[in-house]
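> Just coords.cif, nothing more (mmCIF, N, CA and C atoms):
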```
data_input
#
loop_
_atom_site.label_atom_id
_atom_site.label_comp_id
_atom_site.auth_asym_id
_atom_site.auth_seq_id
_atom_site.Cartn_x
_atom_site.Cartn_y
_atom_site.Cartn_z
N MET A 5 -97.73 33.60 117.89
CA MET A 5 -97.43 32.88 116.66
C MET A 5 -97.54 31.39 116.92
N MET A 6 -98.22 30.74 116.00
CA MET A 6 -98.35 29.29 116.07
C MET A 6 -97.69 28.68 114.84
N ARG A 7 -97.30 27.43 114.99
CA ARG A 7 -96.84 26.67 113.83
C ARG A 7 -97.98 25.78 113.38
N TRP A 8 -98.10 25.67 112.09
CA TRP A 8 -99.12 24.86 111.46
C TRP A 8 -98.41 23.90 110.52
N ALA A 9 -98.86 22.67 110.45
CA ALA A 9 -98.21 21.67 109.61
C ALA A 9 -99.20 21.05 108.64
N THR A 10 -98.72 20.83 107.43
CA THR A 10 -99.52 20.14 106.42
C THR A 10 -98.58 19.35 105.52
N ARG A 11 -99.16 18.62 104.60
CA ARG A 11 -98.38 17.77 103.71
C ARG A 11 -97.62 18.59 102.67
N VAL A 12 -96.52 18.08 102.24
CA VAL A 12 -95.77 18.70 101.14
C VAL A 12 -96.60 18.62 99.86
N GLY A 13 -96.25 19.45 98.90
CA GLY A 13 -96.98 19.43 97.63
C GLY A 13 -98.32 20.13 97.75
N VAL A 14 -98.30 21.38 98.17
CA VAL A 14 -99.52 22.14 98.44
C VAL A 14 -100.39 22.28 97.18
N HIS A 15 -101.64 21.88 97.32
CA HIS A 15 -102.64 22.07 96.27
C HIS A 15 -103.73 22.99 96.82
N VAL A 16 -104.85 23.03 96.19
CA VAL A 16 -105.85 24.06 96.44
C VAL A 16 -106.40 24.08 97.87
N ASP A 17 -106.76 22.95 98.44
CA ASP A 17 -107.36 22.94 99.78
C ASP A 17 -106.35 23.40 100.83
N ARG A 18 -105.13 22.89 100.73
CA ARG A 18 -104.09 23.30 101.69
C ARG A 18 -103.74 24.77 101.53
N ALA A 19 -103.66 25.25 100.29
CA ALA A 19 -103.37 26.67 100.05
C ALA A 19 -104.50 27.53 100.61
N ALA A 20 -105.74 27.12 100.39
CA ALA A 20 -106.88 27.88 100.90
C ALA A 20 -106.89 27.89 102.42
N CYS A 21 -106.59 26.76 103.02
CA CYS A 21 -106.56 26.67 104.49
C CYS A 21 -105.46 27.57 105.07
N ALA A 22 -104.29 27.56 104.45
CA ALA A 22 -103.20 28.40 104.94
C ALA A 22 -103.59 29.87 104.82
N TRP A 23 -104.20 30.25 103.72
CA TRP A 23 -104.68 31.63 103.55
C TRP A 23 -105.70 31.97 104.64
N LEU A 24 -106.64 31.07 104.87
CA LEU A 24 -107.67 31.29 105.89
C LEU A 24 -107.04 31.49 107.27
N VAL A 25 -106.08 30.64 107.59
CA VAL A 25 -105.41 30.74 108.89
C VAL A 25 -104.74 32.10 109.02
N ARG A 26 -103.95 32.48 108.05
CA ARG A 26 -103.22 33.76 108.13
C ARG A 26 -104.15 34.97 108.11
N ARG A 27 -105.22 34.90 107.38
CA ARG A 27 -106.10 36.07 107.23
C ARG A 27 -107.11 36.20 108.36
N PHE A 28 -107.58 35.08 108.91
CA PHE A 28 -108.69 35.15 109.85
C PHE A 28 -108.43 34.51 111.22
N VAL A 29 -107.35 33.76 111.36
CA VAL A 29 -107.12 33.03 112.61
C VAL A 29 -105.81 33.44 113.29
N ASP A 30 -104.71 33.45 112.54
CA ASP A 30 -103.39 33.66 113.12
C ASP A 30 -102.51 34.38 112.10
N ALA A 31 -102.50 35.71 112.17
CA ALA A 31 -101.77 36.52 111.18
C ALA A 31 -100.28 36.21 111.14
N ASP A 32 -99.74 35.71 112.24
CA ASP A 32 -98.31 35.41 112.31
C ASP A 32 -97.99 33.93 112.11
N ALA A 33 -98.92 33.20 111.56
CA ALA A 33 -98.75 31.75 111.39
C ALA A 33 -97.48 31.43 110.62
N VAL A 34 -96.84 30.34 111.05
CA VAL A 34 -95.68 29.79 110.35
C VAL A 34 -96.07 28.39 109.91
N PHE A 35 -95.78 28.07 108.66
CA PHE A 35 -96.18 26.77 108.12
C PHE A 35 -94.97 25.87 107.91
N VAL A 36 -95.14 24.61 108.28
CA VAL A 36 -94.13 23.59 108.01
C VAL A 36 -94.79 22.50 107.17
N PHE A 37 -93.98 21.86 106.35
CA PHE A 37 -94.49 20.87 105.41
C PHE A 37 -93.81 19.54 105.67
N VAL A 38 -94.61 18.50 105.82
CA VAL A 38 -94.09 17.19 106.18
C VAL A 38 -94.62 16.13 105.21
N ASP A 39 -93.94 15.00 105.18
CA ASP A 39 -94.35 13.90 104.32
C ASP A 39 -95.43 13.04 104.96
N ASP A 40 -95.45 13.02 106.28
CA ASP A 40 -96.34 12.10 106.98
C ASP A 40 -96.83 12.75 108.28
N VAL A 41 -98.02 12.41 108.69
CA VAL A 41 -98.57 12.98 109.92
C VAL A 41 -97.68 12.69 111.13
N ASP A 42 -96.95 11.58 111.08
CA ASP A 42 -96.03 11.24 112.18
C ASP A 42 -94.85 12.20 112.27
N ASP A 43 -94.63 12.99 111.21
CA ASP A 43 -93.52 13.94 111.18
C ASP A 43 -93.93 15.35 111.64
N VAL A 44 -95.19 15.52 112.02
CA VAL A 44 -95.65 16.84 112.48
C VAL A 44 -94.95 17.19 113.79
N PRO A 45 -94.29 18.36 113.85
CA PRO A 45 -93.65 18.77 115.11
C PRO A 45 -94.67 18.85 116.24
N ALA A 46 -94.23 18.55 117.45
CA ALA A 46 -95.12 18.53 118.61
C ALA A 46 -95.80 19.87 118.85
N ASP A 47 -95.16 20.97 118.45
CA ASP A 47 -95.73 22.29 118.71
C ASP A 47 -96.53 22.84 117.52
N ALA A 48 -96.83 21.99 116.54
CA ALA A 48 -97.55 22.44 115.35
C ALA A 48 -98.96 21.87 115.31
N THR A 49 -99.87 22.64 114.75
CA THR A 49 -101.25 22.20 114.55
C THR A 49 -101.37 21.64 113.13
N PRO A 50 -101.66 20.35 113.00
CA PRO A 50 -101.74 19.77 111.66
C PRO A 50 -103.09 20.08 110.99
N PHE A 51 -103.04 20.21 109.65
CA PHE A 51 -104.27 20.39 108.89
C PHE A 51 -104.15 19.72 107.53
N ASP A 52 -105.30 19.35 107.00
CA ASP A 52 -105.42 18.66 105.71
C ASP A 52 -104.48 17.46 105.63
N MET A 53 -104.55 16.64 106.68
CA MET A 53 -103.78 15.40 106.73
C MET A 53 -104.70 14.31 107.27
N LEU A 54 -104.52 13.12 106.80
CA LEU A 54 -105.33 11.99 107.21
C LEU A 54 -105.32 11.82 108.73
N GLY A 55 -106.51 11.77 109.32
CA GLY A 55 -106.65 11.46 110.73
C GLY A 55 -106.53 12.63 111.69
N VAL A 56 -106.41 13.86 111.19
CA VAL A 56 -106.31 15.01 112.09
C VAL A 56 -107.64 15.76 112.14
N GLU A 57 -107.82 16.54 113.18
CA GLU A 57 -109.08 17.26 113.39
C GLU A 57 -109.39 18.24 112.26
N LEU A 58 -108.41 18.98 111.80
CA LEU A 58 -108.63 20.01 110.77
C LEU A 58 -108.34 19.44 109.39
N SER A 59 -109.20 18.52 108.97
CA SER A 59 -109.03 17.86 107.68
C SER A 59 -110.40 17.56 107.09
N HIS A 60 -110.44 16.72 106.10
CA HIS A 60 -111.71 16.32 105.51
C HIS A 60 -112.53 15.54 106.55
N HIS A 61 -113.80 15.89 106.65
CA HIS A 61 -114.72 15.16 107.52
C HIS A 61 -116.07 15.06 106.82
N GLY A 62 -116.61 13.88 106.77
CA GLY A 62 -117.86 13.69 106.05
C GLY A 62 -117.67 14.09 104.60
N ASP A 63 -118.55 14.97 104.11
CA ASP A 63 -118.45 15.44 102.73
C ASP A 63 -117.69 16.76 102.62
N ASP A 64 -117.14 17.24 103.73
CA ASP A 64 -116.46 18.54 103.74
C ASP A 64 -114.97 18.43 103.46
N CYS A 65 -114.45 19.39 102.71
CA CYS A 65 -113.01 19.51 102.54
C CYS A 65 -112.44 20.19 103.79
N SER A 66 -111.14 20.27 103.87
CA SER A 66 -110.49 20.85 105.06
C SER A 66 -110.86 22.32 105.26
N PHE A 67 -111.01 23.07 104.18
CA PHE A 67 -111.38 24.48 104.29
C PHE A 67 -112.74 24.61 104.98
N GLU A 68 -113.70 23.79 104.59
CA GLU A 68 -115.02 23.81 105.23
C GLU A 68 -114.91 23.40 106.70
N THR A 69 -114.11 22.38 106.98
CA THR A 69 -113.91 21.94 108.35
C THR A 69 -113.36 23.08 109.20
N MET A 70 -112.39 23.82 108.66
CA MET A 70 -111.81 24.94 109.41
C MET A 70 -112.83 26.04 109.65
N LEU A 71 -113.68 26.33 108.67
CA LEU A 71 -114.71 27.35 108.88
C LEU A 71 -115.60 26.96 110.05
N HIS A 72 -116.01 25.70 110.09
CA HIS A 72 -116.81 25.21 111.22
C HIS A 72 -116.03 25.29 112.52
N HIS A 73 -114.81 24.77 112.52
CA HIS A 73 -113.99 24.68 113.72
C HIS A 73 -113.75 26.05 114.36
N PHE A 74 -113.45 27.04 113.55
CA PHE A 74 -113.14 28.37 114.07
C PHE A 74 -114.37 29.28 114.16
N GLY A 75 -115.55 28.74 113.85
CA GLY A 75 -116.79 29.51 113.96
C GLY A 75 -116.83 30.71 113.03
N LEU A 76 -116.25 30.56 111.85
CA LEU A 76 -116.22 31.66 110.88
C LEU A 76 -117.49 31.60 110.03
N ASP A 77 -118.37 32.56 110.27
CA ASP A 77 -119.66 32.53 109.58
C ASP A 77 -119.80 33.60 108.50
N ASP A 78 -118.69 34.19 108.10
CA ASP A 78 -118.67 35.18 107.03
C ASP A 78 -119.23 34.53 105.76
N PRO A 79 -120.32 35.08 105.19
CA PRO A 79 -120.90 34.47 103.99
C PRO A 79 -119.94 34.44 102.80
N VAL A 80 -119.01 35.37 102.75
CA VAL A 80 -118.04 35.36 101.66
C VAL A 80 -117.11 34.15 101.79
N LEU A 81 -116.71 33.84 103.01
CA LEU A 81 -115.87 32.66 103.22
C LEU A 81 -116.62 31.39 102.83
N TRP A 82 -117.90 31.34 103.14
CA TRP A 82 -118.68 30.16 102.76
C TRP A 82 -118.88 30.09 101.25
N ASP A 83 -118.93 31.25 100.61
CA ASP A 83 -118.99 31.27 99.15
C ASP A 83 -117.67 30.74 98.58
N LEU A 84 -116.54 31.16 99.17
CA LEU A 84 -115.25 30.61 98.75
C LEU A 84 -115.18 29.11 99.02
N ALA A 85 -115.80 28.68 100.10
CA ALA A 85 -115.77 27.26 100.46
C ALA A 85 -116.36 26.39 99.37
N ARG A 86 -117.42 26.85 98.72
CA ARG A 86 -118.01 26.04 97.65
C ARG A 86 -117.04 25.91 96.48
N ILE A 87 -116.26 26.97 96.21
CA ILE A 87 -115.28 26.94 95.12
C ILE A 87 -114.12 26.01 95.49
N VAL A 88 -113.60 26.17 96.70
CA VAL A 88 -112.49 25.33 97.16
C VAL A 88 -112.93 23.86 97.20
N HIS A 89 -114.13 23.62 97.70
CA HIS A 89 -114.67 22.25 97.78
C HIS A 89 -114.65 21.61 96.39
N GLU A 90 -115.22 22.31 95.41
CA GLU A 90 -115.29 21.73 94.06
C GLU A 90 -113.91 21.58 93.44
N ALA A 91 -113.02 22.55 93.69
CA ALA A 91 -111.66 22.45 93.14
C ALA A 91 -110.94 21.25 93.74
N ASP A 92 -111.17 20.99 95.02
CA ASP A 92 -110.47 19.90 95.70
C ASP A 92 -111.12 18.54 95.45
N LEU A 93 -112.43 18.49 95.53
CA LEU A 93 -113.11 17.20 95.47
C LEU A 93 -113.77 16.89 94.13
N GLY A 94 -114.17 17.93 93.38
CA GLY A 94 -114.79 17.71 92.08
C GLY A 94 -115.99 16.79 92.12
N ASP A 95 -116.78 16.89 93.19
CA ASP A 95 -117.93 15.98 93.34
C ASP A 95 -119.25 16.58 92.86
N ASP A 96 -119.19 17.75 92.24
CA ASP A 96 -120.38 18.44 91.72
C ASP A 96 -121.40 18.78 92.80
N ARG A 97 -120.96 18.86 94.05
CA ARG A 97 -121.85 19.25 95.14
C ARG A 97 -122.31 20.70 94.98
N PHE A 98 -121.43 21.53 94.44
CA PHE A 98 -121.72 22.95 94.26
C PHE A 98 -121.50 23.34 92.81
N ASP A 99 -122.23 24.37 92.37
CA ASP A 99 -121.99 24.96 91.07
C ASP A 99 -120.88 25.99 91.25
N ALA A 100 -119.70 25.66 90.82
CA ALA A 100 -118.55 26.54 91.01
C ALA A 100 -117.67 26.50 89.77
N PRO A 101 -118.04 27.26 88.74
CA PRO A 101 -117.25 27.22 87.51
C PRO A 101 -115.81 27.69 87.69
N GLU A 102 -115.53 28.46 88.74
CA GLU A 102 -114.18 28.93 89.03
C GLU A 102 -113.26 27.81 89.50
N ALA A 103 -113.84 26.74 89.97
CA ALA A 103 -113.09 25.67 90.65
C ALA A 103 -112.01 25.04 89.76
N ALA A 104 -112.35 24.72 88.53
CA ALA A 104 -111.39 24.03 87.67
C ALA A 104 -110.14 24.88 87.44
N GLY A 105 -110.31 26.14 87.18
CA GLY A 105 -109.16 27.03 86.95
C GLY A 105 -108.33 27.20 88.20
N LEU A 106 -108.99 27.32 89.34
CA LEU A 106 -108.27 27.47 90.61
C LEU A 106 -107.45 26.22 90.90
N ASP A 107 -108.02 25.07 90.66
CA ASP A 107 -107.31 23.81 90.89
C ASP A 107 -106.09 23.70 89.99
N VAL A 108 -106.25 23.98 88.70
CA VAL A 108 -105.15 23.89 87.75
C VAL A 108 -104.04 24.87 88.12
N MET A 109 -104.41 26.09 88.51
CA MET A 109 -103.41 27.08 88.89
C MET A 109 -102.61 26.61 90.10
N CYS A 110 -103.29 26.11 91.12
CA CYS A 110 -102.58 25.64 92.32
C CYS A 110 -101.71 24.44 92.02
N ARG A 111 -102.20 23.50 91.24
CA ARG A 111 -101.40 22.33 90.87
C ARG A 111 -100.17 22.73 90.06
N GLY A 112 -100.38 23.65 89.11
CA GLY A 112 -99.26 24.11 88.30
C GLY A 112 -98.19 24.81 89.14
N LEU A 113 -98.62 25.65 90.06
CA LEU A 113 -97.66 26.31 90.94
C LEU A 113 -96.87 25.30 91.76
N SER A 114 -97.56 24.25 92.21
CA SER A 114 -96.87 23.24 93.03
C SER A 114 -95.81 22.49 92.23
N MET A 115 -95.91 22.55 90.91
CA MET A 115 -94.93 21.88 90.04
C MET A 115 -93.67 22.71 89.84
N ILE A 116 -93.76 24.02 90.05
CA ILE A 116 -92.63 24.89 89.74
C ILE A 116 -92.12 25.70 90.93
N ARG A 117 -92.81 25.64 92.05
CA ARG A 117 -92.42 26.42 93.22
C ARG A 117 -92.41 25.57 94.48
N ALA A 118 -91.59 25.97 95.43
CA ALA A 118 -91.58 25.32 96.74
C ALA A 118 -92.89 25.66 97.46
N ASP A 119 -93.26 24.83 98.42
CA ASP A 119 -94.53 25.02 99.12
C ASP A 119 -94.69 26.40 99.72
N VAL A 120 -93.65 26.92 100.34
CA VAL A 120 -93.75 28.25 100.96
C VAL A 120 -94.01 29.31 99.90
N GLU A 121 -93.44 29.15 98.71
CA GLU A 121 -93.69 30.09 97.61
C GLU A 121 -95.12 29.94 97.09
N VAL A 122 -95.61 28.73 97.02
CA VAL A 122 -96.99 28.51 96.59
C VAL A 122 -97.94 29.25 97.52
N LEU A 123 -97.68 29.18 98.82
CA LEU A 123 -98.54 29.90 99.77
C LEU A 123 -98.47 31.40 99.57
N ALA A 124 -97.30 31.92 99.26
CA ALA A 124 -97.16 33.37 99.03
C ALA A 124 -97.97 33.81 97.81
N VAL A 125 -97.87 33.06 96.72
CA VAL A 125 -98.60 33.42 95.51
C VAL A 125 -100.10 33.24 95.70
N THR A 126 -100.50 32.11 96.24
CA THR A 126 -101.93 31.85 96.38
C THR A 126 -102.58 32.75 97.43
N SER A 127 -101.80 33.30 98.34
CA SER A 127 -102.36 34.25 99.29
C SER A 127 -102.97 35.44 98.55
N ALA A 128 -102.24 35.97 97.59
CA ALA A 128 -102.76 37.08 96.80
C ALA A 128 -103.96 36.64 95.95
N VAL A 129 -103.89 35.44 95.42
CA VAL A 129 -105.01 34.92 94.63
C VAL A 129 -106.28 34.83 95.49
N PHE A 130 -106.15 34.27 96.69
CA PHE A 130 -107.32 34.14 97.56
C PHE A 130 -107.80 35.49 98.08
N ASP A 131 -106.89 36.44 98.28
CA ASP A 131 -107.32 37.80 98.63
C ASP A 131 -108.19 38.37 97.52
N GLY A 132 -107.73 38.21 96.27
CA GLY A 132 -108.49 38.71 95.14
C GLY A 132 -109.82 37.99 94.97
N LEU A 133 -109.82 36.69 95.13
CA LEU A 133 -111.05 35.92 95.02
C LEU A 133 -112.04 36.31 96.11
N TYR A 134 -111.52 36.52 97.33
CA TYR A 134 -112.38 36.96 98.44
C TYR A 134 -113.02 38.31 98.10
N GLU A 135 -112.23 39.26 97.62
CA GLU A 135 -112.76 40.59 97.31
C GLU A 135 -113.79 40.51 96.19
N TYR A 136 -113.51 39.73 95.16
CA TYR A 136 -114.44 39.59 94.04
C TYR A 136 -115.77 39.01 94.50
N ARG A 137 -115.71 37.91 95.28
CA ARG A 137 -116.94 37.28 95.75
C ARG A 137 -117.67 38.17 96.76
N HIS A 138 -116.92 38.96 97.55
CA HIS A 138 -117.52 39.91 98.48
C HIS A 138 -118.36 40.93 97.70
N ARG A 139 -117.78 41.50 96.68
CA ARG A 139 -118.51 42.49 95.87
C ARG A 139 -119.69 41.85 95.15
N ALA A 140 -119.51 40.62 94.68
CA ALA A 140 -120.60 39.93 94.00
C ALA A 140 -121.77 39.72 94.95
N LEU A 141 -121.50 39.35 96.18
CA LEU A 141 -122.57 39.15 97.14
C LEU A 141 -123.27 40.47 97.49
N LEU A 142 -122.49 41.54 97.59
CA LEU A 142 -123.09 42.86 97.86
C LEU A 142 -123.97 43.34 96.71
N LEU A 143 -123.49 43.13 95.49
CA LEU A 143 -124.21 43.60 94.30
C LEU A 143 -125.34 42.66 93.89
N GLY A 144 -125.25 41.40 94.29
CA GLY A 144 -126.22 40.42 93.84
C GLY A 144 -125.93 39.93 92.43
N ARG A 145 -124.75 40.23 91.93
CA ARG A 145 -124.30 39.80 90.59
C ARG A 145 -122.78 39.90 90.56
N ASP A 146 -122.19 39.30 89.52
CA ASP A 146 -120.74 39.41 89.39
C ASP A 146 -120.37 40.86 89.10
N PRO A 147 -119.35 41.38 89.77
CA PRO A 147 -118.94 42.76 89.50
C PRO A 147 -118.27 42.88 88.13
N SER A 148 -118.33 44.07 87.59
CA SER A 148 -117.70 44.27 86.27
C SER A 148 -116.32 44.87 86.41
#
```
What is this structure when it is put down as structure tokens?

Amino acid sequence: MMRWATRVGVHVDRAACAWLVRRFVDADAVFVFVDDVDDVPADATPFDMLGVELSHHGDDCSFETMLHHFGLDDPVLWDLARIVHEADLGDDRFDAPEAAGLDVMCRGLSMIRADVEVLAVTSAVFDGLYEYRHRALLLGRDPS
């Protein structure tokens, strides 16, 4: 089990990264939320924070950075990455009509739930999104 640290007020990129960590990197991950990178516990791996390795780099959001860092080449994860990227950055780099709704849902949850609860809810959301995009890639079209 590892501890992972990110900023308080979880939005889409942080929620996606936490889901990615738990699902593909560290099933027993424990997350802590801090106000500043200087508050990250010494035994925690920081992500989606200014100046840390697992954060935005170049034109990539933290989710994309983590896919590169952990060598995750699953095409479904990269398909999710385009959605997370657009939801987080809104730079029109990818055609991702799902992005706006995903962003609003994560932001809304962060307004009414504690960060740990946001991760619990969005975990199921990202599981469903992963399965949907997996089937879409297999079928070559959106599943019905």
> To one decimal place, how far is CA of Phe130 (chain A) from CA of Leu84 (chain A) in Å?
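These atoms are spaced 8.8 Å apart.
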> Would you kindly translate the PyMOL selection byres ((chain A and resi 38-45) around 7) into the concrete residues it picks from this file, as a ChimeraX atom specification?
/A:9-12,36-37,46-50,53-54
> Counting all atoms listed in the file, write as a PyMOL selection string all protein and nucleic acid residues lying at most 5 Å from (-99.6, 23.5, 93.0) in the file's frame.
chain A and resi 14-15+110-115
> Evaluate the PyMOL selection byres ((chain A and resi 107) around 8) and record the selected residues as JSON, numbers by chain, following the chain and residue labels used in the document.
{"A": [15, 16, 17, 87, 88, 90, 91, 92, 102, 103, 104, 105, 106, 108, 109, 110, 111, 112, 113]}
> One decimal, Å: what's the distance from atom N of Thr126 (chain A) over to atom C of Ala20 (chain A), could you say?
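We find that atom N of Thr126 (chain A) and atom C of Ala20 (chain A) lie 9.8 Å from each other.
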> Kindly resolve the PyMOL selection byres (((chain A and resi 123 and name CA) around 9) and name CA) on the present coordinates and return the residues as a PyMOL selection string.
chain A and resi 14+18-20+22-23+118-122+124-128
> Write out as a list in words each polymer residue whose atoms come within 10 Å of Ala33 (chain A), counting only C-alpha atoms; drop sequence neighbours fewer than 6 positions from it.
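The contact residues come out as Met5, Met6, Arg7, Trp8, Ala22, Trp23, Val25, Arg26 and Arg27 of chain A.
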> Determine the nearest neighbour of Arg97 (chain A) from the options A:Cys65, A:Asp77, A:Arg117, A:Tyr136, counting only C-alpha atoms.
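The shortest atom-to-atom distance to Arg97 (chain A) comes from A:Cys65.
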> I need the residue nearest Trp82 (chain A) from this list: A:Gly55, A:Gly94, A:Asp64, A:Arg145. Use only C-alpha atoms for the distance.
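Nearest candidate to Trp82 (chain A) out of A:Gly55, A:Gly94, A:Asp64, A:Arg145: A:Asp64.
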> I need the residues in chain A that are strand (DSSP E or B) according to DSSP; give them as a ChimeraX atom specification.
/A:7-11,34-38,48-51,58,61,64
> How big is the axis-aligned box, and where does its centre sit, when it encloses all atoms of region 96-114 of chain A listed in the file and has 5 Å added on every side, reported in Å to one decimal as AutoDock Vina command-line options?

```
--center_x -109.1 --center_y 23.3 --center_z 91.0 --size_x 36.5 --size_y 21.2 --size_z 18.2
```
> In Å, how far is it from CA of Arg137 (chain A) to CA of Ile116 (chain A)?
27.9 Å
> What residues in region 49-91 of chain A get the DSSP label helix (DSSP H, G or I)? Please answer as a ChimeraX atom specification.
/A:66-73,79-91
> Could you pull the residues within 7 Å of Arg86 (chain A), counting all atoms listed in the file, minus those fewer than 6 positions along the same chain, as a VMD selection string?
chain A and resid 98 to 100
> Keeping only N, CA and C atoms, write those residues as a short mmCIF file (atom, residue, chain, number, x, y, z; two decimals), in the coordinates of the input.

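Saved to result.cif:
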```cif
data_model
loop_
_atom_site.label_atom_id
_atom_site.label_comp_id
_atom_site.auth_asym_id
_atom_site.auth_seq_id
_atom_site.Cartn_x
_atom_site.Cartn_y
_atom_site.Cartn_z
N PHE A 98 -121.43 21.53 94.44
CA PHE A 98 -121.72 22.95 94.26
C PHE A 98 -121.50 23.34 92.81
N ASP A 99 -122.23 24.37 92.37
CA ASP A 99 -121.99 24.96 91.07
C ASP A 99 -120.88 25.99 91.25
N ALA A 100 -119.70 25.66 90.82
CA ALA A 100 -118.55 26.54 91.01
C ALA A 100 -117.67 26.50 89.77
#
```
> Nearest to Phe74 (chain A): which of A:His89, A:Val29, A:Cys21, A:Tyr134 is it, counting all atoms listed in the file?
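Closest residue, counting all atoms listed in the file: A:Val29.
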> How would region 126-138 of chain A look with N, CA, C and O atoms restored, written as a compact mmCIF listing (two decimals), in the coordinates of the input?

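The resulting part01.txt:
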```txt
# COMPACT_ATOMS: atom_id res chain seq x y z
N THR A 126 -100.50 32.11 96.24
CA THR A 126 -101.93 31.85 96.38
C THR A 126 -102.58 32.75 97.43
O THR A 126 -103.79 32.98 97.37
N SER A 127 -101.80 33.30 98.34
CA SER A 127 -102.36 34.25 99.29
C SER A 127 -102.97 35.44 98.55
O SER A 127 -104.10 35.86 98.84
N ALA A 128 -102.24 35.97 97.59
CA ALA A 128 -102.76 37.08 96.80
C ALA A 128 -103.96 36.64 95.95
O ALA A 128 -104.93 37.39 95.80
N VAL A 129 -103.89 35.44 95.42
CA VAL A 129 -105.01 34.92 94.63
C VAL A 129 -106.28 34.83 95.49
O VAL A 129 -107.36 35.27 95.07
N PHE A 130 -106.15 34.27 96.69
CA PHE A 130 -107.32 34.14 97.56
C PHE A 130 -107.80 35.49 98.08
O PHE A 130 -109.00 35.69 98.26
N ASP A 131 -106.89 36.44 98.28
CA ASP A 131 -107.32 37.80 98.63
C ASP A 131 -108.19 38.37 97.52
O ASP A 131 -109.24 38.97 97.77
N GLY A 132 -107.73 38.21 96.27
CA GLY A 132 -108.49 38.71 95.14
C GLY A 132 -109.82 37.99 94.97
O GLY A 132 -110.86 38.62 94.70
N LEU A 133 -109.82 36.69 95.13
CA LEU A 133 -111.05 35.92 95.02
C LEU A 133 -112.04 36.31 96.11
O LEU A 133 -113.23 36.47 95.87
N TYR A 134 -111.52 36.52 97.33
CA TYR A 134 -112.38 36.96 98.44
C TYR A 134 -113.02 38.31 98.10
O TYR A 134 -114.23 38.49 98.27
N GLU A 135 -112.23 39.26 97.62
CA GLU A 135 -112.76 40.59 97.31
C GLU A 135 -113.79 40.51 96.19
O GLU A 135 -114.84 41.16 96.24
N TYR A 136 -113.51 39.73 95.16
CA TYR A 136 -114.44 39.59 94.04
C TYR A 136 -115.77 39.01 94.50
O TYR A 136 -116.84 39.53 94.19
N ARG A 137 -115.71 37.91 95.28
CA ARG A 137 -116.94 37.28 95.75
C ARG A 137 -117.67 38.17 96.76
O ARG A 137 -118.89 38.18 96.82
N HIS A 138 -116.92 38.96 97.55
CA HIS A 138 -117.52 39.91 98.48
C HIS A 138 -118.36 40.93 97.70
O HIS A 138 -119.52 41.19 98.04
```
